[in-house]
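Novice: Next comes coords-v2.pdb, PDB, C-alpha atoms:
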ATOM      1  CA  MET A   1      56.904 -31.713 -47.237  1.00  0.00           C
ATOM      2  CA  PHE A   2      53.660 -30.784 -45.420  1.00  0.00           C
ATOM      3  CA  TYR A   3      52.502 -27.218 -44.859  1.00  0.00           C
ATOM      4  CA  ASN A   4      54.827 -25.563 -42.422  1.00  0.00           C
ATOM      5  CA  GLY A   5      53.872 -21.942 -41.914  1.00  0.00           C
ATOM      6  CA  TYR A   6      56.879 -21.394 -39.712  1.00  0.00           C
ATOM      7  CA  ASP A   7      59.336 -21.404 -42.630  1.00  0.00           C
ATOM      8  CA  LYS A   8      57.198 -19.185 -44.861  1.00  0.00           C
ATOM      9  CA  MET A   9      56.192 -16.437 -42.452  1.00  0.00           C
ATOM     10  CA  SER A  10      58.292 -13.333 -41.802  1.00  0.00           C
ATOM     11  CA  THR A  11      60.052 -12.684 -38.505  1.00  0.00           C
ATOM     12  CA  ILE A  12      57.895  -9.629 -37.785  1.00  0.00           C
ATOM     13  CA  LEU A  13      54.765 -11.756 -38.124  1.00  0.00           C
ATOM     14  CA  LYS A  14      56.206 -14.445 -35.894  1.00  0.00           C
ATOM     15  CA  ILE A  15      57.042 -11.919 -33.160  1.00  0.00           C
ATOM     16  CA  PHE A  16      53.702 -10.115 -33.450  1.00  0.00           C
ATOM     17  CA  THR A  17      51.344 -13.090 -33.644  1.00  0.00           C
ATOM     18  CA  PHE A  18      51.636 -14.596 -30.179  1.00  0.00           C
ATOM     19  CA  PRO A  19      51.053 -11.329 -28.217  1.00  0.00           C
ATOM     20  CA  ALA A  20      48.139 -10.543 -30.565  1.00  0.00           C
ATOM     21  CA  SER A  21      46.698 -14.015 -29.947  1.00  0.00           C
ATOM     22  CA  PHE A  22      47.071 -13.441 -26.209  1.00  0.00           C
ATOM     23  CA  ILE A  23      45.013 -10.237 -26.401  1.00  0.00           C
ATOM     24  CA  ILE A  24      42.410 -11.894 -28.691  1.00  0.00           C
ATOM     25  CA  ILE A  25      42.062 -14.786 -26.229  1.00  0.00           C
ATOM     26  CA  CYS A  26      41.594 -12.351 -23.318  1.00  0.00           C
ATOM     27  CA  LEU A  27      38.925 -10.516 -25.354  1.00  0.00           C
ATOM     28  CA  GLY A  28      37.232 -13.861 -25.926  1.00  0.00           C
ATOM     29  CA  ILE A  29      37.216 -14.534 -22.189  1.00  0.00           C
ATOM     30  CA  LEU A  30      35.725 -11.069 -21.611  1.00  0.00           C
ATOM     31  CA  THR A  31      33.039 -11.736 -24.242  1.00  0.00           C
ATOM     32  CA  ILE A  32      32.091 -15.007 -22.524  1.00  0.00           C
ATOM     33  CA  LEU A  33      31.916 -13.342 -19.104  1.00  0.00           C
ATOM     34  CA  GLY A  34      29.800 -10.439 -20.375  1.00  0.00           C
ATOM     35  CA  GLY A  35      27.315 -12.612 -22.219  1.00  0.00           C
ATOM     36  CA  HIS A  36      24.461 -11.819 -19.842  1.00  0.00           C
ATOM     37  CA  ILE A  37      24.778  -8.001 -20.022  1.00  0.00           C
ATOM     38  CA  THR A  38      26.607  -7.143 -23.253  1.00  0.00           C
ATOM     39  CA  PRO A  39      26.452  -8.434 -26.848  1.00  0.00           C
ATOM     40  CA  GLY A  40      28.224 -11.739 -27.209  1.00  0.00           C
ATOM     41  CA  GLY A  41      28.160 -14.839 -25.091  1.00  0.00           C
ATOM     42  CA  GLY A  42      29.498 -18.345 -24.960  1.00  0.00           C
ATOM     43  CA  PHE A  43      29.635 -19.132 -28.679  1.00  0.00           C
ATOM     44  CA  GLN A  44      31.079 -15.783 -29.730  1.00  0.00           C
ATOM     45  CA  GLY A  45      33.668 -15.731 -26.949  1.00  0.00           C
ATOM     46  CA  GLY A  46      34.642 -19.336 -27.588  1.00  0.00           C
ATOM     47  CA  ALA A  47      35.051 -18.565 -31.285  1.00  0.00           C
ATOM     48  CA  MET A  48      37.293 -15.607 -30.405  1.00  0.00           C
ATOM     49  CA  ILE A  49      39.499 -17.779 -28.189  1.00  0.00           C
ATOM     50  CA  ALA A  50      39.653 -20.390 -30.958  1.00  0.00           C
ATOM     51  CA  SER A  51      40.603 -17.663 -33.451  1.00  0.00           C
ATOM     52  CA  GLY A  52      43.604 -16.803 -31.264  1.00  0.00           C
ATOM     53  CA  VAL A  53      44.655 -20.458 -31.285  1.00  0.00           C
ATOM     54  CA  ILE A  54      44.063 -20.731 -35.058  1.00  0.00           C
ATOM     55  CA  LEU A  55      46.098 -17.577 -35.716  1.00  0.00           C
ATOM     56  CA  CYS A  56      49.070 -19.135 -33.924  1.00  0.00           C
ATOM     57  CA  ILE A  57      48.674 -22.424 -35.830  1.00  0.00           C
ATOM     58  CA  VAL A  58      48.482 -20.660 -39.222  1.00  0.00           C
ATOM     59  CA  VAL A  59      51.548 -18.504 -38.602  1.00  0.00           C
ATOM     60  CA  TYR A  60      53.803 -20.859 -36.633  1.00  0.00           C
ATOM     61  CA  GLY A  61      52.552 -24.154 -38.069  1.00  0.00           C
ATOM     62  CA  LEU A  62      51.170 -27.048 -36.081  1.00  0.00           C
ATOM     63  CA  GLU A  63      54.564 -28.274 -34.861  1.00  0.00           C
ATOM     64  CA  HIS A  64      55.961 -24.919 -33.716  1.00  0.00           C
ATOM     65  CA  SER A  65      52.798 -23.268 -32.380  1.00  0.00           C
ATOM     66  CA  PRO A  66      53.167 -21.972 -28.798  1.00  0.00           C
ATOM     67  CA  ILE A  67      49.567 -23.065 -28.161  1.00  0.00           C
ATOM     68  CA  GLN A  68      49.464 -26.862 -28.263  1.00  0.00           C
ATOM     69  CA  LEU A  69      46.133 -28.595 -27.680  1.00  0.00           C
ATOM     70  CA  SER A  70      46.558 -32.266 -26.861  1.00  0.00           C
ATOM     71  CA  HIS A  71      43.868 -34.831 -27.640  1.00  0.00           C
ATOM     72  CA  ASN A  72      43.286 -35.518 -23.937  1.00  0.00           C
ATOM     73  CA  LEU A  73      42.848 -31.831 -23.085  1.00  0.00           C
ATOM     74  CA  ILE A  74      40.419 -31.341 -25.981  1.00  0.00           C
ATOM     75  CA  SER A  75      38.296 -34.308 -24.897  1.00  0.00           C
ATOM     76  CA  ILE A  76      38.346 -33.260 -21.222  1.00  0.00           C
ATOM     77  CA  ILE A  77      37.299 -29.639 -21.905  1.00  0.00           C
ATOM     78  CA  GLU A  78      34.681 -30.721 -24.463  1.00  0.00           C
ATOM     79  CA  SER A  79      33.215 -33.164 -21.932  1.00  0.00           C
ATOM     80  CA  ILE A  80      33.222 -30.565 -19.142  1.00  0.00           C
ATOM     81  CA  GLY A  81      31.371 -28.129 -21.437  1.00  0.00           C
ATOM     82  CA  ALA A  82      28.683 -30.601 -22.476  1.00  0.00           C
ATOM     83  CA  LEU A  83      28.202 -32.252 -19.081  1.00  0.00           C
ATOM     84  CA  GLY A  84      28.220 -28.927 -17.221  1.00  0.00           C
ATOM     85  CA  TYR A  85      25.432 -27.575 -19.427  1.00  0.00           C
ATOM     86  CA  ILE A  86      23.329 -30.703 -18.939  1.00  0.00           C
ATOM     87  CA  ILE A  87      23.957 -30.777 -15.173  1.00  0.00           C
ATOM     88  CA  MET A  88      22.837 -27.137 -14.934  1.00  0.00           C
ATOM     89  CA  GLY A  89      19.646 -28.105 -16.726  1.00  0.00           C
ATOM     90  CA  LEU A  90      19.108 -31.176 -14.553  1.00  0.00           C
ATOM     91  CA  VAL A  91      19.452 -29.137 -11.352  1.00  0.00           C
ATOM     92  CA  GLY A  92      16.438 -27.127 -12.468  1.00  0.00           C
ATOM     93  CA  LEU A  93      14.600 -30.276 -13.529  1.00  0.00           C
ATOM     94  CA  PHE A  94      15.087 -32.061 -10.209  1.00  0.00           C
ATOM     95  CA  THR A  95      14.358 -29.054  -7.982  1.00  0.00           C
ATOM     96  CA  THR A  96      11.448 -27.470  -9.848  1.00  0.00           C
ATOM     97  CA  GLY A  97      10.376 -29.835 -12.624  1.00  0.00           C
ATOM     98  CA  PHE A  98      11.562 -27.522 -15.396  1.00  0.00           C
ATOM     99  CA  PHE A  99      14.718 -28.297 -17.397  1.00  0.00           C
ATOM    100  CA  LEU A 100      17.194 -25.365 -17.360  1.00  0.00           C
ATOM    101  CA  TYR A 101      15.134 -23.451 -14.791  1.00  0.00           C
ATOM    102  CA  ASN A 102      17.180 -20.472 -13.654  1.00  0.00           C
ATOM    103  CA  VAL A 103      17.906 -21.710 -10.128  1.00  0.00           C
ATOM    104  CA  GLY A 104      20.385 -18.897  -9.561  1.00  0.00           C
ATOM    105  CA  ALA A 105      17.755 -16.195 -10.102  1.00  0.00           C
ATOM    106  CA  ASP A 106      14.558 -18.046  -9.017  1.00  0.00           C
ATOM    107  CA  PHE A 107      12.044 -15.585 -10.453  1.00  0.00           C
ATOM    108  CA  TYR A 108       9.051 -17.766  -9.471  1.00  0.00           C
ATOM    109  CA  HIS A 109      10.255 -18.611  -5.917  1.00  0.00           C
ATOM    110  CA  LEU A 110      10.180 -22.365  -6.496  1.00  0.00           C
ATOM    111  CA  ILE A 111      13.408 -23.476  -4.809  1.00  0.00           C
ATOM    112  CA  PRO A 112      14.916 -23.307  -1.295  1.00  0.00           C
ATOM    113  CA  ASN A 113      17.200 -20.393  -0.507  1.00  0.00           C
ATOM    114  CA  THR A 114      20.274 -22.630  -0.092  1.00  0.00           C
ATOM    115  CA  ILE A 115      20.118 -23.870  -3.697  1.00  0.00           C
ATOM    116  CA  TYR A 116      19.511 -20.307  -4.883  1.00  0.00           C
ATOM    117  CA  MET A 117      22.617 -19.109  -3.045  1.00  0.00           C
ATOM    118  CA  ILE A 118      24.774 -21.927  -4.498  1.00  0.00           C
ATOM    119  CA  PHE A 119      23.954 -21.034  -8.115  1.00  0.00           C
ATOM    120  CA  LYS A 120      23.757 -17.252  -7.698  1.00  0.00           C
ATOM    121  CA  TYR A 121      26.329 -15.536  -9.936  1.00  0.00           C
ATOM    122  CA  PRO A 122      28.387 -13.117  -7.804  1.00  0.00           C
ATOM    123  CA  ASP A 123      27.791  -9.755  -9.480  1.00  0.00           C
ATOM    124  CA  VAL A 124      25.296  -6.868  -9.422  1.00  0.00           C
ATOM    125  CA  THR A 125      23.013  -8.307 -12.108  1.00  0.00           C
ATOM    126  CA  ASN A 126      20.579 -11.028 -11.080  1.00  0.00           C
ATOM    127  CA  ALA A 127      21.617 -13.322 -13.930  1.00  0.00           C
ATOM    128  CA  GLY A 128      21.514 -16.677 -12.147  1.00  0.00           C
ATOM    129  CA  ILE A 129      22.845 -19.605 -14.150  1.00  0.00           C
ATOM    130  CA  VAL A 130      23.082 -17.761 -17.493  1.00  0.00           C
ATOM    131  CA  PRO A 131      26.794 -16.813 -17.046  1.00  0.00           C
ATOM    132  CA  TYR A 132      27.588 -20.423 -16.100  1.00  0.00           C
ATOM    133  CA  LEU A 133      25.869 -21.667 -19.249  1.00  0.00           C
ATOM    134  CA  ASN A 134      27.867 -19.116 -21.269  1.00  0.00           C
ATOM    135  CA  ILE A 135      31.107 -20.384 -19.710  1.00  0.00           C
ATOM    136  CA  PHE A 136      30.315 -24.028 -20.505  1.00  0.00           C
ATOM    137  CA  VAL A 137      29.304 -23.196 -24.078  1.00  0.00           C
ATOM    138  CA  GLY A 138      32.417 -21.024 -24.471  1.00  0.00           C
ATOM    139  CA  LEU A 139      34.755 -23.811 -23.376  1.00  0.00           C
ATOM    140  CA  LYS A 140      33.055 -26.275 -25.705  1.00  0.00           C
ATOM    141  CA  VAL A 141      33.178 -23.950 -28.713  1.00  0.00           C
ATOM    142  CA  PHE A 142      36.813 -23.028 -28.025  1.00  0.00           C
ATOM    143  CA  VAL A 143      38.049 -26.617 -28.155  1.00  0.00           C
ATOM    144  CA  GLY A 144      35.569 -27.635 -30.858  1.00  0.00           C
ATOM    145  CA  LEU A 145      36.635 -25.011 -33.398  1.00  0.00           C
ATOM    146  CA  SER A 146      40.313 -25.416 -32.506  1.00  0.00           C
ATOM    147  CA  ALA A 147      40.040 -29.183 -32.970  1.00  0.00           C
ATOM    148  CA  VAL A 148      38.548 -28.724 -36.459  1.00  0.00           C
ATOM    149  CA  VAL A 149      41.503 -26.597 -37.598  1.00  0.00           C
ATOM    150  CA  ILE A 150      44.043 -28.911 -35.952  1.00  0.00           C
ATOM    151  CA  ALA A 151      42.396 -31.843 -37.747  1.00  0.00           C
ATOM    152  CA  PHE A 152      42.620 -30.018 -41.110  1.00  0.00           C
ATOM    153  CA  PHE A 153      46.335 -29.389 -40.606  1.00  0.00           C
ATOM    154  CA  GLN A 154      46.929 -32.993 -39.541  1.00  0.00           C
ATOM    155  CA  PHE A 155      45.003 -34.343 -42.552  1.00  0.00           C
ATOM    156  CA  GLU A 156      47.228 -32.315 -44.838  1.00  0.00           C
ATOM    157  CA  ARG A 157      50.346 -33.625 -43.142  1.00  0.00           C
ATOM    158  CA  HIS A 158      48.998 -37.176 -43.360  1.00  0.00           C
ATOM    159  CA  GLU A 159      48.242 -36.834 -47.095  1.00  0.00           C
ATOM    160  CA  LYS A 160      51.658 -35.336 -47.863  1.00  0.00           C
ATOM    161  CA  SER A 161      53.448 -38.035 -45.924  1.00  0.00           C
ATOM    162  CA  GLU A 162      51.620 -40.728 -47.902  1.00  0.00           C
ATOM    163  CA  GLU A 163      52.745 -39.296 -51.266  1.00  0.00           C
TER
ATOM    164  CA  MET G   1      30.750  -4.071  -3.778  1.00  0.00           C
ATOM    165  CA  LEU G   2      33.373  -5.949  -5.739  1.00  0.00           C
ATOM    166  CA  ASN G   3      31.904  -8.080  -8.524  1.00  0.00           C
ATOM    167  CA  LEU G   4      33.697 -11.390  -8.011  1.00  0.00           C
ATOM    168  CA  GLY G   5      32.035 -13.268 -10.871  1.00  0.00           C
ATOM    169  CA  PRO G   6      34.220 -12.095 -13.797  1.00  0.00           C
ATOM    170  CA  ILE G   7      37.343 -12.167 -11.614  1.00  0.00           C
ATOM    171  CA  ILE G   8      36.892 -15.782 -10.463  1.00  0.00           C
ATOM    172  CA  PHE G   9      35.603 -17.240 -13.699  1.00  0.00           C
ATOM    173  CA  GLY G  10      38.003 -15.212 -15.866  1.00  0.00           C
ATOM    174  CA  LEU G  11      40.814 -16.737 -13.841  1.00  0.00           C
ATOM    175  CA  ILE G  12      39.390 -20.253 -14.287  1.00  0.00           C
ATOM    176  CA  ILE G  13      38.929 -19.923 -18.066  1.00  0.00           C
ATOM    177  CA  GLY G  14      42.378 -18.297 -18.316  1.00  0.00           C
ATOM    178  CA  VAL G  15      44.027 -21.194 -16.465  1.00  0.00           C
ATOM    179  CA  ILE G  16      42.279 -23.702 -18.758  1.00  0.00           C
ATOM    180  CA  VAL G  17      43.507 -21.839 -21.859  1.00  0.00           C
ATOM    181  CA  GLY G  18      46.938 -21.259 -20.318  1.00  0.00           C
ATOM    182  CA  LEU G  19      47.437 -25.003 -19.833  1.00  0.00           C
ATOM    183  CA  THR G  20      47.740 -25.245 -23.630  1.00  0.00           C
ATOM    184  CA  LEU G  21      50.656 -22.773 -23.854  1.00  0.00           C
ATOM    185  CA  LYS G  22      54.021 -24.427 -24.316  1.00  0.00           C
ATOM    186  CA  ASN G  23      57.446 -23.120 -25.243  1.00  0.00           C
ATOM    187  CA  ASN G  24      58.991 -25.139 -28.034  1.00  0.00           C
ATOM    188  CA  PRO G  25      62.781 -25.264 -27.486  1.00  0.00           C
ATOM    189  CA  ASP G  26      63.354 -25.790 -31.243  1.00  0.00           C
ATOM    190  CA  ASN G  27      61.969 -22.339 -32.064  1.00  0.00           C
ATOM    191  CA  PRO G  28      64.431 -19.461 -32.485  1.00  0.00           C
ATOM    192  CA  ILE G  29      61.690 -17.109 -31.204  1.00  0.00           C
ATOM    193  CA  VAL G  30      61.033 -17.882 -27.531  1.00  0.00           C
ATOM    194  CA  PHE G  31      58.664 -15.856 -25.359  1.00  0.00           C
ATOM    195  CA  THR G  32      60.454 -15.387 -22.064  1.00  0.00           C
ATOM    196  CA  LYS G  33      59.172 -14.233 -18.656  1.00  0.00           C
ATOM    197  CA  SER G  34      59.990 -10.612 -19.492  1.00  0.00           C
ATOM    198  CA  SER G  35      57.895 -10.781 -22.659  1.00  0.00           C
ATOM    199  CA  PHE G  36      54.959 -12.011 -20.587  1.00  0.00           C
ATOM    200  CA  ILE G  37      55.428  -9.051 -18.214  1.00  0.00           C
ATOM    201  CA  VAL G  38      55.244  -6.679 -21.196  1.00  0.00           C
ATOM    202  CA  ILE G  39      52.132  -8.472 -22.479  1.00  0.00           C
ATOM    203  CA  LEU G  40      50.562  -8.160 -19.001  1.00  0.00           C
ATOM    204  CA  ILE G  41      51.228  -4.402 -18.917  1.00  0.00           C
ATOM    205  CA  VAL G  42      49.658  -4.048 -22.384  1.00  0.00           C
ATOM    206  CA  THR G  43      46.729  -6.122 -21.138  1.00  0.00           C
ATOM    207  CA  ILE G  44      46.135  -3.741 -18.219  1.00  0.00           C
ATOM    208  CA  VAL G  45      46.204  -0.750 -20.599  1.00  0.00           C
ATOM    209  CA  VAL G  46      43.723  -2.470 -22.935  1.00  0.00           C
ATOM    210  CA  ALA G  47      41.496  -3.364 -19.956  1.00  0.00           C
ATOM    211  CA  TRP G  48      41.571   0.282 -18.847  1.00  0.00           C
ATOM    212  CA  GLN G  49      40.512   1.399 -22.307  1.00  0.00           C
ATOM    213  CA  LEU G  50      37.760  -1.234 -22.501  1.00  0.00           C
ATOM    214  CA  GLY G  51      36.269  -0.189 -19.182  1.00  0.00           C
ATOM    215  CA  PRO G  52      33.953  -2.225 -16.983  1.00  0.00           C
ATOM    216  CA  PHE G  53      30.717  -3.941 -18.013  1.00  0.00           C
ATOM    217  CA  PRO G  54      27.479  -1.940 -17.769  1.00  0.00           C
ATOM    218  CA  TYR G  55      26.148  -1.729 -14.152  1.00  0.00           C
ATOM    219  CA  TYR G  56      29.596  -2.671 -12.788  1.00  0.00           C
ATOM    220  CA  THR G  57      30.793   0.283 -10.729  1.00  0.00           C
ATOM    221  CA  ASP G  58      33.457  -1.344  -8.567  1.00  0.00           C
ATOM    222  CA  LEU G  59      36.602  -0.852 -10.672  1.00  0.00           C
ATOM    223  CA  PRO G  60      37.320   1.324 -13.752  1.00  0.00           C
ATOM    224  CA  ILE G  61      38.892  -1.570 -15.737  1.00  0.00           C
ATOM    225  CA  ALA G  62      37.589  -4.719 -17.425  1.00  0.00           C
ATOM    226  CA  THR G  63      38.264  -7.135 -14.559  1.00  0.00           C
ATOM    227  CA  GLY G  64      37.435 -10.246 -16.613  1.00  0.00           C
ATOM    228  CA  PHE G  65      40.061  -9.245 -19.175  1.00  0.00           C
ATOM    229  CA  VAL G  66      42.836  -8.790 -16.604  1.00  0.00           C
ATOM    230  CA  SER G  67      41.934 -11.904 -14.611  1.00  0.00           C
ATOM    231  CA  GLY G  68      41.846 -13.892 -17.874  1.00  0.00           C
ATOM    232  CA  ALA G  69      45.363 -12.697 -18.705  1.00  0.00           C
ATOM    233  CA  ILE G  70      46.609 -13.540 -15.197  1.00  0.00           C
ATOM    234  CA  GLY G  71      44.911 -16.935 -15.482  1.00  0.00           C
ATOM    235  CA  ILE G  72      46.652 -17.661 -18.784  1.00  0.00           C
ATOM    236  CA  ILE G  73      50.047 -16.877 -17.235  1.00  0.00           C
ATOM    237  CA  ILE G  74      49.232 -19.031 -14.164  1.00  0.00           C
ATOM    238  CA  GLY G  75      48.085 -21.860 -16.451  1.00  0.00           C
ATOM    239  CA  LYS G  76      51.282 -21.596 -18.471  1.00  0.00           C
ATOM    240  CA  SER G  77      53.415 -21.821 -15.325  1.00  0.00           C
ATOM    241  CA  ILE G  78      51.364 -24.838 -14.153  1.00  0.00           C
ATOM    242  CA  SER G  79      51.818 -26.615 -17.483  1.00  0.00           C
ATOM    243  CA  LYS G  80      55.545 -25.825 -17.416  1.00  0.00           C
ATOM    244  CA  ALA G  81      55.910 -27.207 -13.877  1.00  0.00           C
ATOM    245  CA  THR G  82      54.158 -30.514 -14.647  1.00  0.00           C
TER
END
In structure tokens, write the structure found in this file.
Specialist:
Amino acid sequence: MFYNGYDKMSTILKIFTFPASFIIICLGILTILGGHITPGGGFQGGAMIASGVILCIVVYGLEHSPIQLSHNLISIIESIGALGYIIMGLVGLFTTGFFLYNVGADFYHLIPNTIYMIFKYPDVTNAGIVPYLNIFVGLKVFVGLSAVVIAFFQFERHEKSEE
Amino acid sequence: MLNLGPIIFGLIIGVIVGLTLKNNPDNPIVFTKSSFIVILIVTIVVAWQLGPFPYYTDLPIATGFVSGAIGIIIGKSISKAT
């Protein structure tokens, strides 16, 4: 029989884990969104969200976890993260000649006002595209780290089923 | 001035994460709608204690935290409906 955390864990742990994961995931989202003004950022926030997912998988087991990441969803979010980052860089390259130029802040006044307004992040800080980059990195790290743990659990199940 | 950035993008990230939440009918422990309401209330309390980001003076709570939680619940209801 493969590892099934659901049978081994206590009821208290099973009741506590999902709400705790929910709060951890929300903290991860907050860390991603505050990457341009507070410590943290895309990688750290994404890792926090992934830790919430991993906590659920460890306690409930892969089969019974309330957070189920399908292969399609993982590939879609991973692609959005990577492509979004590159597209943000290419916008700067095509408008100013510099890859990843901060078109949302435009410190050197190189781009038209319309493009500046499109990529301006709506808050009091003049952060430009930095929060968007954090969001893309966060999404990519979230699914990347979660996929690693899911793969480990599936390898174990595969090995046990072969025996 | 209301800082819309964390509210909008917190909601978007929350919906993306919430799409992964699924209730397994085989489990004896099921998180019902009422449990999500309790979690949401706890979330608002935590957001109040966290406070806003530096330079954000619009609201006294962490708006990204609350909008992320609302987004997760919206994402869960979307994934349940489809």
Novice: Which residues fall under the PyMOL selection byres ((chain G) within 8 of (chain A)) in this file, as a list in words?
Specialist: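 Taken over the shown coordinates, the PyMOL selection byres ((chain G) within 8 of (chain A)) returns Leu2, Asn3, Leu4, Gly5, Pro6, Phe9, Gly10, Ile13, Gly14, Thr20, Leu21, Lys22, Asn23, Asn24, Asp26, Asn27, Ile29, Ile39, Thr43, Phe53, Pro54, Tyr55, Tyr56, Ala62, Gly64, Phe65, Val66, Gly68 and Ala69 of chain G.
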Novice: Which polymer residues have any atom within 8 Å of an atom of Ile73 in chain G, counting all atoms listed in the file, with same-chain residues fewer than 3 positions away left out, as a PyMOL selection string?
Specialist: chain G and resi 14-15+18+36+69-70+76-77
Novice: Restricting the calculation to only C-alpha atoms: of A:Glu163, A:Arg157, A:Ala105, A:Ile80, which residue gets closest to Leu62 in chain A?
Specialist: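 Among the listed residues, the smallest separation from Leu62 in chain A belongs to A:Arg157.
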Novice: Take CA of Leu11 in chain G and CA of Ser67 in chain G and report the distance between them in Å, one decimal.
Specialist: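 Atom-to-atom, CA of Leu11 in chain G to CA of Ser67 in chain G, that is 5.0 Å.
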Novice: Compile the contact shell of His36 in chain A as a list in words: residues with an atom at most 10 Å away, counting all atoms listed in the file, same-chain residues fewer than 6 positions apart removed.
Specialist: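 Everything that qualifies: Gly42, Thr125, Asn126, Ala127, Gly128, Ile129, Val130, Pro131, Tyr132, Leu133 and Asn134 of chain A.
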Novice: Using C-alpha atoms, can you write the selected residues to a file as a PDB file, in the frame of the given file?
Specialist:
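Result file is part18.pdb:
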ATOM      1  CA  GLY A  42      29.498 -18.345 -24.960  1.00  0.00           C
ATOM      2  CA  THR A 125      23.013  -8.307 -12.108  1.00  0.00           C
ATOM      3  CA  ASN A 126      20.579 -11.028 -11.080  1.00  0.00           C
ATOM      4  CA  ALA A 127      21.617 -13.322 -13.930  1.00  0.00           C
ATOM      5  CA  GLY A 128      21.514 -16.677 -12.147  1.00  0.00           C
ATOM      6  CA  ILE A 129      22.845 -19.605 -14.150  1.00  0.00           C
ATOM      7  CA  VAL A 130      23.082 -17.761 -17.493  1.00  0.00           C
ATOM      8  CA  PRO A 131      26.794 -16.813 -17.046  1.00  0.00           C
ATOM      9  CA  TYR A 132      27.588 -20.423 -16.100  1.00  0.00           C
ATOM     10  CA  LEU A 133      25.869 -21.667 -19.249  1.00  0.00           C
ATOM     11  CA  ASN A 134      27.867 -19.116 -21.269  1.00  0.00           C
TER      12      ASN A 134
END
Novice: Work out how far CA of Ala82 in chain A is from CA of Gly61 in chain A, in Å to one decimal.
Specialist: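 One can read the CA of Gly61 in chain A to CA of Ala82 in chain A distance as 29.2 Å.
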Novice: Please list as a PyMOL selection string every residue within 12 Å of Leu110 in chain A, counting only C-alpha atoms and excluding residues in the same chain fewer than 2 positions away.
Specialist: chain A and resi 92-98+101-108+112-116
Novice: Can you list what the PyMOL selection byres ((chain G and resi 45) around 12) grabs from this structure, as a PyMOL selection string?
Specialist: (chain A and resi 23) or (chain G and resi 38-44+46-51+60-63+65-66)
